[in-house]
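Structure file structure.cif (mmCIF, N, CA and C atoms) is printed below.
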data_structure
#
loop_
_atom_site.label_atom_id
_atom_site.label_comp_id
_atom_site.auth_asym_id
_atom_site.auth_seq_id
_atom_site.Cartn_x
_atom_site.Cartn_y
_atom_site.Cartn_z
N MET A 1 0.84 -1.16 0.00
CA MET A 1 0.00 0.00 0.00
C MET A 1 0.89 1.23 0.00
N CYS A 2 0.69 2.10 -0.93
CA CYS A 2 1.51 3.30 -1.07
C CYS A 2 0.76 4.49 -0.47
N MET A 3 1.40 5.15 0.48
CA MET A 3 0.76 6.32 1.10
C MET A 3 1.48 7.57 0.62
N SER A 4 0.72 8.61 0.38
CA SER A 4 1.32 9.86 -0.07
C SER A 4 1.93 10.61 1.11
N LYS A 5 2.76 11.58 0.79
CA LYS A 5 3.41 12.38 1.82
C LYS A 5 2.41 13.28 2.54
N ASP A 6 1.31 13.61 1.88
CA ASP A 6 0.33 14.51 2.46
C ASP A 6 -0.68 13.81 3.36
N ALA A 7 -0.58 12.51 3.51
CA ALA A 7 -1.57 11.76 4.28
C ALA A 7 -1.53 12.13 5.76
N ASP A 8 -0.39 12.52 6.29
CA ASP A 8 -0.30 12.83 7.71
C ASP A 8 -0.41 14.32 8.00
N LYS A 9 -0.68 15.15 7.00
CA LYS A 9 -0.83 16.58 7.20
C LYS A 9 -2.25 16.88 7.68
N PRO A 10 -2.38 17.86 8.58
CA PRO A 10 -3.72 18.19 9.07
C PRO A 10 -4.56 18.87 8.00
N GLY A 11 -5.88 18.76 8.15
CA GLY A 11 -6.79 19.39 7.21
C GLY A 11 -6.87 20.89 7.42
N ILE A 12 -7.67 21.55 6.58
CA ILE A 12 -7.78 23.00 6.62
C ILE A 12 -8.34 23.48 7.96
N LEU A 13 -9.46 22.93 8.37
CA LEU A 13 -10.07 23.36 9.62
C LEU A 13 -9.18 23.01 10.81
N HIS A 14 -8.57 21.85 10.78
CA HIS A 14 -7.66 21.43 11.85
C HIS A 14 -6.48 22.39 11.95
N SER A 15 -5.93 22.82 10.84
CA SER A 15 -4.80 23.76 10.84
C SER A 15 -5.20 25.13 11.39
N LEU A 16 -6.34 25.63 10.92
CA LEU A 16 -6.82 26.93 11.41
C LEU A 16 -7.09 26.89 12.91
N LEU A 17 -7.79 25.86 13.36
CA LEU A 17 -8.08 25.74 14.78
C LEU A 17 -6.82 25.50 15.61
N GLY A 18 -5.87 24.76 15.05
CA GLY A 18 -4.61 24.53 15.76
C GLY A 18 -3.86 25.82 16.01
N GLY A 19 -3.73 26.64 14.98
CA GLY A 19 -3.06 27.93 15.14
C GLY A 19 -3.81 28.84 16.08
N LEU A 20 -5.14 28.84 15.98
CA LEU A 20 -5.97 29.67 16.84
C LEU A 20 -5.86 29.25 18.30
N VAL A 21 -5.99 27.97 18.57
CA VAL A 21 -5.97 27.47 19.95
C VAL A 21 -4.59 27.64 20.58
N LEU A 22 -3.53 27.29 19.85
CA LEU A 22 -2.18 27.43 20.42
C LEU A 22 -1.84 28.89 20.71
N THR A 23 -2.30 29.80 19.87
CA THR A 23 -2.04 31.22 20.11
C THR A 23 -2.81 31.71 21.33
N ILE A 24 -4.05 31.31 21.46
CA ILE A 24 -4.83 31.72 22.63
C ILE A 24 -4.23 31.13 23.91
N ILE A 25 -3.78 29.90 23.84
CA ILE A 25 -3.11 29.30 25.01
C ILE A 25 -1.87 30.10 25.36
N LEU A 26 -1.07 30.46 24.36
CA LEU A 26 0.18 31.19 24.61
C LEU A 26 -0.09 32.59 25.14
N VAL A 27 -1.10 33.26 24.62
CA VAL A 27 -1.34 34.66 24.98
C VAL A 27 -2.19 34.82 26.24
N VAL A 28 -3.09 33.88 26.51
CA VAL A 28 -4.00 34.03 27.64
C VAL A 28 -3.66 33.06 28.78
N VAL A 29 -3.59 31.78 28.47
CA VAL A 29 -3.45 30.76 29.51
C VAL A 29 -2.05 30.77 30.13
N VAL A 30 -1.01 30.85 29.33
CA VAL A 30 0.35 30.78 29.86
C VAL A 30 0.66 31.95 30.80
N PRO A 31 0.35 33.22 30.45
CA PRO A 31 0.60 34.29 31.43
C PRO A 31 -0.20 34.11 32.73
N ALA A 32 -1.45 33.66 32.63
CA ALA A 32 -2.24 33.43 33.84
C ALA A 32 -1.63 32.30 34.67
N LEU A 33 -1.22 31.24 34.00
CA LEU A 33 -0.60 30.10 34.68
C LEU A 33 0.69 30.51 35.38
N THR A 34 1.52 31.28 34.70
CA THR A 34 2.78 31.69 35.31
C THR A 34 2.56 32.71 36.43
N ALA A 35 1.59 33.60 36.28
CA ALA A 35 1.36 34.62 37.30
C ALA A 35 0.74 34.05 38.57
N TYR A 36 -0.17 33.10 38.42
CA TYR A 36 -0.91 32.62 39.59
C TYR A 36 -0.40 31.31 40.18
N PHE A 37 0.32 30.51 39.39
CA PHE A 37 0.77 29.22 39.91
C PHE A 37 2.29 29.09 39.94
N ILE A 38 2.91 29.26 38.79
CA ILE A 38 4.36 29.03 38.71
C ILE A 38 5.13 30.13 39.44
N GLY A 39 4.72 31.39 39.26
CA GLY A 39 5.40 32.51 39.91
C GLY A 39 5.46 32.38 41.42
N PRO A 40 4.33 32.15 42.08
CA PRO A 40 4.39 31.98 43.53
C PRO A 40 5.23 30.78 43.98
N LEU A 41 5.17 29.68 43.22
CA LEU A 41 6.00 28.52 43.57
C LEU A 41 7.49 28.84 43.46
N VAL A 42 7.87 29.49 42.36
CA VAL A 42 9.27 29.86 42.18
C VAL A 42 9.69 30.85 43.25
N ASN A 43 8.83 31.79 43.56
CA ASN A 43 9.14 32.77 44.59
C ASN A 43 9.28 32.11 45.97
N GLU A 44 8.45 31.11 46.22
CA GLU A 44 8.51 30.40 47.49
C GLU A 44 9.82 29.61 47.63
N TYR A 45 10.23 28.93 46.57
CA TYR A 45 11.42 28.10 46.65
C TYR A 45 12.73 28.86 46.46
N PHE A 46 12.70 29.91 45.64
CA PHE A 46 13.93 30.63 45.34
C PHE A 46 13.92 32.06 45.87
N GLY A 47 12.90 32.45 46.59
CA GLY A 47 12.75 33.83 47.03
C GLY A 47 13.74 34.28 48.09
N ASP A 48 14.35 33.36 48.81
CA ASP A 48 15.28 33.72 49.87
C ASP A 48 16.74 33.45 49.51
N ILE A 49 17.00 33.05 48.29
CA ILE A 49 18.35 32.69 47.88
C ILE A 49 19.03 33.89 47.25
N THR A 50 20.25 34.15 47.70
CA THR A 50 21.09 35.15 47.04
C THR A 50 22.27 34.40 46.45
N PHE A 51 22.42 34.49 45.14
CA PHE A 51 23.47 33.77 44.44
C PHE A 51 24.40 34.79 43.81
N TRP A 52 25.67 34.74 44.16
CA TRP A 52 26.65 35.74 43.79
C TRP A 52 26.13 37.11 44.22
N GLU A 53 25.89 37.99 43.30
CA GLU A 53 25.36 39.31 43.63
C GLU A 53 23.91 39.47 43.18
N PHE A 54 23.27 38.37 42.78
CA PHE A 54 21.90 38.45 42.31
C PHE A 54 20.93 38.45 43.47
N THR A 55 19.98 39.35 43.43
CA THR A 55 18.96 39.41 44.47
C THR A 55 17.92 38.32 44.23
N PRO A 56 17.16 37.99 45.25
CA PRO A 56 16.11 36.97 45.05
C PRO A 56 15.11 37.33 43.95
N SER A 57 14.76 38.61 43.84
CA SER A 57 13.80 38.99 42.80
C SER A 57 14.40 38.82 41.40
N THR A 58 15.71 39.04 41.27
CA THR A 58 16.37 38.83 39.98
C THR A 58 16.38 37.36 39.61
N ILE A 59 16.62 36.51 40.57
CA ILE A 59 16.64 35.06 40.33
C ILE A 59 15.24 34.58 39.93
N VAL A 60 14.22 35.04 40.64
CA VAL A 60 12.84 34.66 40.32
C VAL A 60 12.48 35.15 38.92
N THR A 61 12.85 36.39 38.59
CA THR A 61 12.56 36.93 37.26
C THR A 61 13.26 36.13 36.17
N ALA A 62 14.52 35.73 36.39
CA ALA A 62 15.25 34.93 35.41
C ALA A 62 14.61 33.57 35.21
N ILE A 63 14.17 32.94 36.29
CA ILE A 63 13.52 31.64 36.17
C ILE A 63 12.19 31.77 35.42
N MET A 64 11.44 32.83 35.71
CA MET A 64 10.16 33.04 35.02
C MET A 64 10.40 33.33 33.54
N LEU A 65 11.47 34.04 33.22
CA LEU A 65 11.81 34.29 31.82
C LEU A 65 12.13 32.99 31.10
N LEU A 66 12.86 32.10 31.75
CA LEU A 66 13.15 30.79 31.16
C LEU A 66 11.87 29.99 30.92
N VAL A 67 10.93 30.05 31.87
CA VAL A 67 9.65 29.35 31.71
C VAL A 67 8.90 29.91 30.51
N MET A 68 8.86 31.24 30.39
CA MET A 68 8.16 31.86 29.26
C MET A 68 8.83 31.52 27.92
N ILE A 69 10.15 31.49 27.89
CA ILE A 69 10.86 31.12 26.66
C ILE A 69 10.53 29.67 26.28
N LEU A 70 10.46 28.79 27.27
CA LEU A 70 10.10 27.40 27.00
C LEU A 70 8.70 27.31 26.38
N PHE A 71 7.75 28.05 26.93
CA PHE A 71 6.41 28.06 26.36
C PHE A 71 6.40 28.66 24.96
N LEU A 72 7.20 29.70 24.73
CA LEU A 72 7.28 30.29 23.39
C LEU A 72 7.82 29.31 22.38
N ILE A 73 8.80 28.52 22.79
CA ILE A 73 9.37 27.52 21.87
C ILE A 73 8.32 26.44 21.56
N LEU A 74 7.59 26.03 22.58
CA LEU A 74 6.61 24.96 22.39
C LEU A 74 5.33 25.41 21.69
N LEU A 75 4.90 26.64 21.95
CA LEU A 75 3.60 27.08 21.45
C LEU A 75 3.67 28.29 20.53
N GLY A 76 4.84 28.79 20.22
CA GLY A 76 4.99 30.02 19.46
C GLY A 76 4.72 29.86 17.97
N GLY A 77 4.91 30.97 17.26
CA GLY A 77 4.62 31.01 15.84
C GLY A 77 5.42 30.01 15.03
N GLY A 78 6.67 29.78 15.39
CA GLY A 78 7.49 28.82 14.66
C GLY A 78 6.96 27.41 14.77
N SER A 79 6.55 27.02 15.97
CA SER A 79 6.01 25.67 16.12
C SER A 79 4.64 25.54 15.45
N ILE A 80 3.86 26.63 15.46
CA ILE A 80 2.57 26.60 14.74
C ILE A 80 2.82 26.43 13.25
N PHE A 81 3.81 27.14 12.73
CA PHE A 81 4.11 27.04 11.31
C PHE A 81 4.62 25.65 10.94
N LYS A 82 5.47 25.06 11.77
CA LYS A 82 5.99 23.72 11.50
C LYS A 82 4.88 22.67 11.53
N LYS A 83 3.99 22.78 12.51
CA LYS A 83 2.98 21.75 12.69
C LYS A 83 1.76 21.93 11.79
N TYR A 84 1.32 23.19 11.61
CA TYR A 84 0.08 23.44 10.89
C TYR A 84 0.23 24.18 9.58
N GLY A 85 1.44 24.63 9.27
CA GLY A 85 1.68 25.30 8.00
C GLY A 85 1.12 26.71 7.94
N LEU A 86 0.92 27.18 6.74
CA LEU A 86 0.46 28.55 6.51
C LEU A 86 -0.94 28.79 7.08
N LEU A 87 -1.79 27.79 7.02
CA LEU A 87 -3.14 27.95 7.58
C LEU A 87 -3.10 28.08 9.10
N GLY A 88 -2.13 27.47 9.75
CA GLY A 88 -1.95 27.66 11.18
C GLY A 88 -1.56 29.09 11.51
N VAL A 89 -0.76 29.69 10.64
CA VAL A 89 -0.37 31.09 10.83
C VAL A 89 -1.59 31.99 10.63
N VAL A 90 -2.46 31.65 9.69
CA VAL A 90 -3.70 32.39 9.52
C VAL A 90 -4.54 32.27 10.80
N GLY A 91 -4.55 31.09 11.40
CA GLY A 91 -5.23 30.91 12.69
C GLY A 91 -4.61 31.76 13.78
N LEU A 92 -3.29 31.91 13.76
CA LEU A 92 -2.59 32.77 14.70
C LEU A 92 -3.06 34.22 14.56
N ILE A 93 -3.15 34.68 13.32
CA ILE A 93 -3.61 36.05 13.06
C ILE A 93 -5.06 36.22 13.51
N VAL A 94 -5.90 35.23 13.24
CA VAL A 94 -7.31 35.29 13.66
C VAL A 94 -7.40 35.34 15.19
N ALA A 95 -6.54 34.58 15.87
CA ALA A 95 -6.56 34.59 17.34
C ALA A 95 -6.19 35.96 17.87
N TYR A 96 -5.16 36.58 17.32
CA TYR A 96 -4.80 37.93 17.76
C TYR A 96 -5.93 38.92 17.44
N TRP A 97 -6.58 38.75 16.30
CA TRP A 97 -7.70 39.61 15.94
C TRP A 97 -8.84 39.42 16.94
N ALA A 98 -9.13 38.17 17.31
CA ALA A 98 -10.21 37.89 18.26
C ALA A 98 -9.88 38.45 19.64
N LEU A 99 -8.60 38.50 19.97
CA LEU A 99 -8.19 39.06 21.26
C LEU A 99 -8.13 40.59 21.23
N GLY A 100 -8.27 41.17 20.05
CA GLY A 100 -8.36 42.62 19.95
C GLY A 100 -7.12 43.36 19.54
N ASN A 101 -6.05 42.67 19.16
CA ASN A 101 -4.84 43.37 18.76
C ASN A 101 -4.11 42.60 17.68
N VAL A 102 -4.42 42.89 16.45
CA VAL A 102 -3.79 42.21 15.32
C VAL A 102 -2.30 42.56 15.23
N TYR A 103 -1.94 43.75 15.72
CA TYR A 103 -0.55 44.19 15.62
C TYR A 103 0.40 43.33 16.44
N ASP A 104 -0.09 42.62 17.44
CA ASP A 104 0.76 41.70 18.20
C ASP A 104 1.16 40.49 17.38
N ALA A 105 0.50 40.23 16.28
CA ALA A 105 0.83 39.09 15.42
C ALA A 105 2.01 39.41 14.51
N ILE A 106 2.43 40.66 14.45
CA ILE A 106 3.51 41.05 13.53
C ILE A 106 4.82 40.36 13.89
N LEU A 107 5.20 40.37 15.16
CA LEU A 107 6.49 39.76 15.56
C LEU A 107 6.54 38.26 15.27
N PRO A 108 5.52 37.47 15.64
CA PRO A 108 5.59 36.05 15.27
C PRO A 108 5.68 35.82 13.76
N ILE A 109 4.99 36.64 12.98
CA ILE A 109 5.04 36.48 11.53
C ILE A 109 6.42 36.83 11.00
N ILE A 110 7.03 37.89 11.52
CA ILE A 110 8.40 38.24 11.11
C ILE A 110 9.36 37.12 11.47
N ILE A 111 9.22 36.52 12.64
CA ILE A 111 10.08 35.41 13.05
C ILE A 111 9.88 34.21 12.13
N ILE A 112 8.64 33.92 11.75
CA ILE A 112 8.37 32.81 10.83
C ILE A 112 9.02 33.07 9.48
N ILE A 113 8.92 34.30 8.98
CA ILE A 113 9.54 34.65 7.69
C ILE A 113 11.05 34.50 7.77
N LEU A 114 11.65 35.00 8.85
CA LEU A 114 13.11 34.87 9.01
C LEU A 114 13.53 33.41 9.13
N MET A 115 12.74 32.62 9.87
CA MET A 115 13.04 31.20 10.01
C MET A 115 12.97 30.49 8.66
N THR A 116 11.97 30.83 7.86
CA THR A 116 11.83 30.23 6.53
C THR A 116 12.99 30.63 5.62
N LEU A 117 13.34 31.90 5.64
CA LEU A 117 14.48 32.36 4.83
C LEU A 117 15.77 31.68 5.25
N PHE A 118 15.99 31.55 6.55
CA PHE A 118 17.19 30.88 7.04
C PHE A 118 17.23 29.42 6.59
N THR A 119 16.08 28.76 6.66
CA THR A 119 16.02 27.36 6.23
C THR A 119 16.28 27.22 4.75
N VAL A 120 15.72 28.11 3.92
CA VAL A 120 15.94 28.07 2.48
C VAL A 120 17.40 28.31 2.15
N ILE A 121 18.00 29.30 2.79
CA ILE A 121 19.42 29.60 2.54
C ILE A 121 20.29 28.44 3.00
N LYS A 122 19.97 27.85 4.14
CA LYS A 122 20.74 26.71 4.66
C LYS A 122 20.64 25.51 3.73
N ASP A 123 19.44 25.26 3.19
CA ASP A 123 19.24 24.11 2.30
C ASP A 123 19.94 24.29 0.96
N ARG A 124 20.12 25.52 0.53
CA ARG A 124 20.81 25.77 -0.76
C ARG A 124 22.29 25.50 -0.66
N LYS A 125 22.85 25.66 0.51
CA LYS A 125 24.31 25.47 0.67
C LYS A 125 24.67 24.04 0.76
#

Here is the file; what I need is its structure written in the form of structure tokens.
Amino acid sequence: MCMSKDADKPGILHSLLGGLVLTIILVVVVPALTAYFIGPLVNEYFGDITFWEFTPSTIVTAIMLLVMILFLILLGGGSIFKKYGLLGVVGLIVAYWALGNVYDAILPIIIIILMTLFTVIKDRK
């Protein structure tokens, strides 16, 4: 049985909803999760530690930044583009539009364009 390469690609509606849902999770759920659950836990465990010359608030902020970067890698525009393609990016734009600020979608789209250009240039060499 011969299967085509497109057999495992998501459909149009699946791609749009994937981009939409992942963007809403990244923009709404992740900040709420970090502010109300992860932030207090990190502050509780690392709030009294002074490492070298770093204050406890600096250490907590650095850890929270690492958590946000991890979520951006997992749920950001690049991963939406890899998993859902161009229609997923359209879903990303629709999600930002539904949240009331289409201009916030500019940075993820620029990153996707740069990532694509880098991949094309890398593949040509």

Tell me which residues the PyMOL selection byres (((chain A and resi 108 and name CA) around 9) and name CA) grabs here, as a ChimeraX atom specification. /A:76-78,89,92,104-107,109-113

Rounded to one decimal in Å, what is the spacing between CA of Asp123 (chain A) and atom N of Lys83 (chain A)?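 The value is 18.4 Å.
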
Would you compute an axis-aligned box for region 27-38 of chain A, covering every atom listed for it in the file with 8 Å of margin on each side, and report centre and edge lengths in Å to one decimal as AutoDock Vina command-line options?
--center_x 0.6 --center_y 31.9 --center_z 32.4 --size_x 25.1 --size_y 21.8 --size_z 31.6

What does the distance from atom N of Ala95 (chain A) to atom N of Ile63 (chain A) come to in Å, to one decimal?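 Interatomic distance here is 29.1 Å.
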
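Checking A:Ile93, A:Ile121, A:Leu74, A:Tyr84 one by one against Leu13 (chain A), counting only C-alpha atoms, you find the shortest gap at A:Tyr84.
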
Name the residues that the PyMOL selection byres ((chain A and resi 21-32) around 8) pulls out of this structure, and write them as an NGL selection string. :A and (15-20 or 33-39 or 68 or 71-72 or 74-77 or 80 or 91-93 or 95-96)

Take CA of Met115 (chain A) and CA of His14 (chain A) and report the distance between them in Å, one decimal.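 Between these atoms lies a distance of 23.0 Å.
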
Given only C-alpha atoms as the basis, pick out the residue of A:Arg124, A:Asn43, A:Val90, A:Ile69 nearest to Val102 (chain A). A:Val90
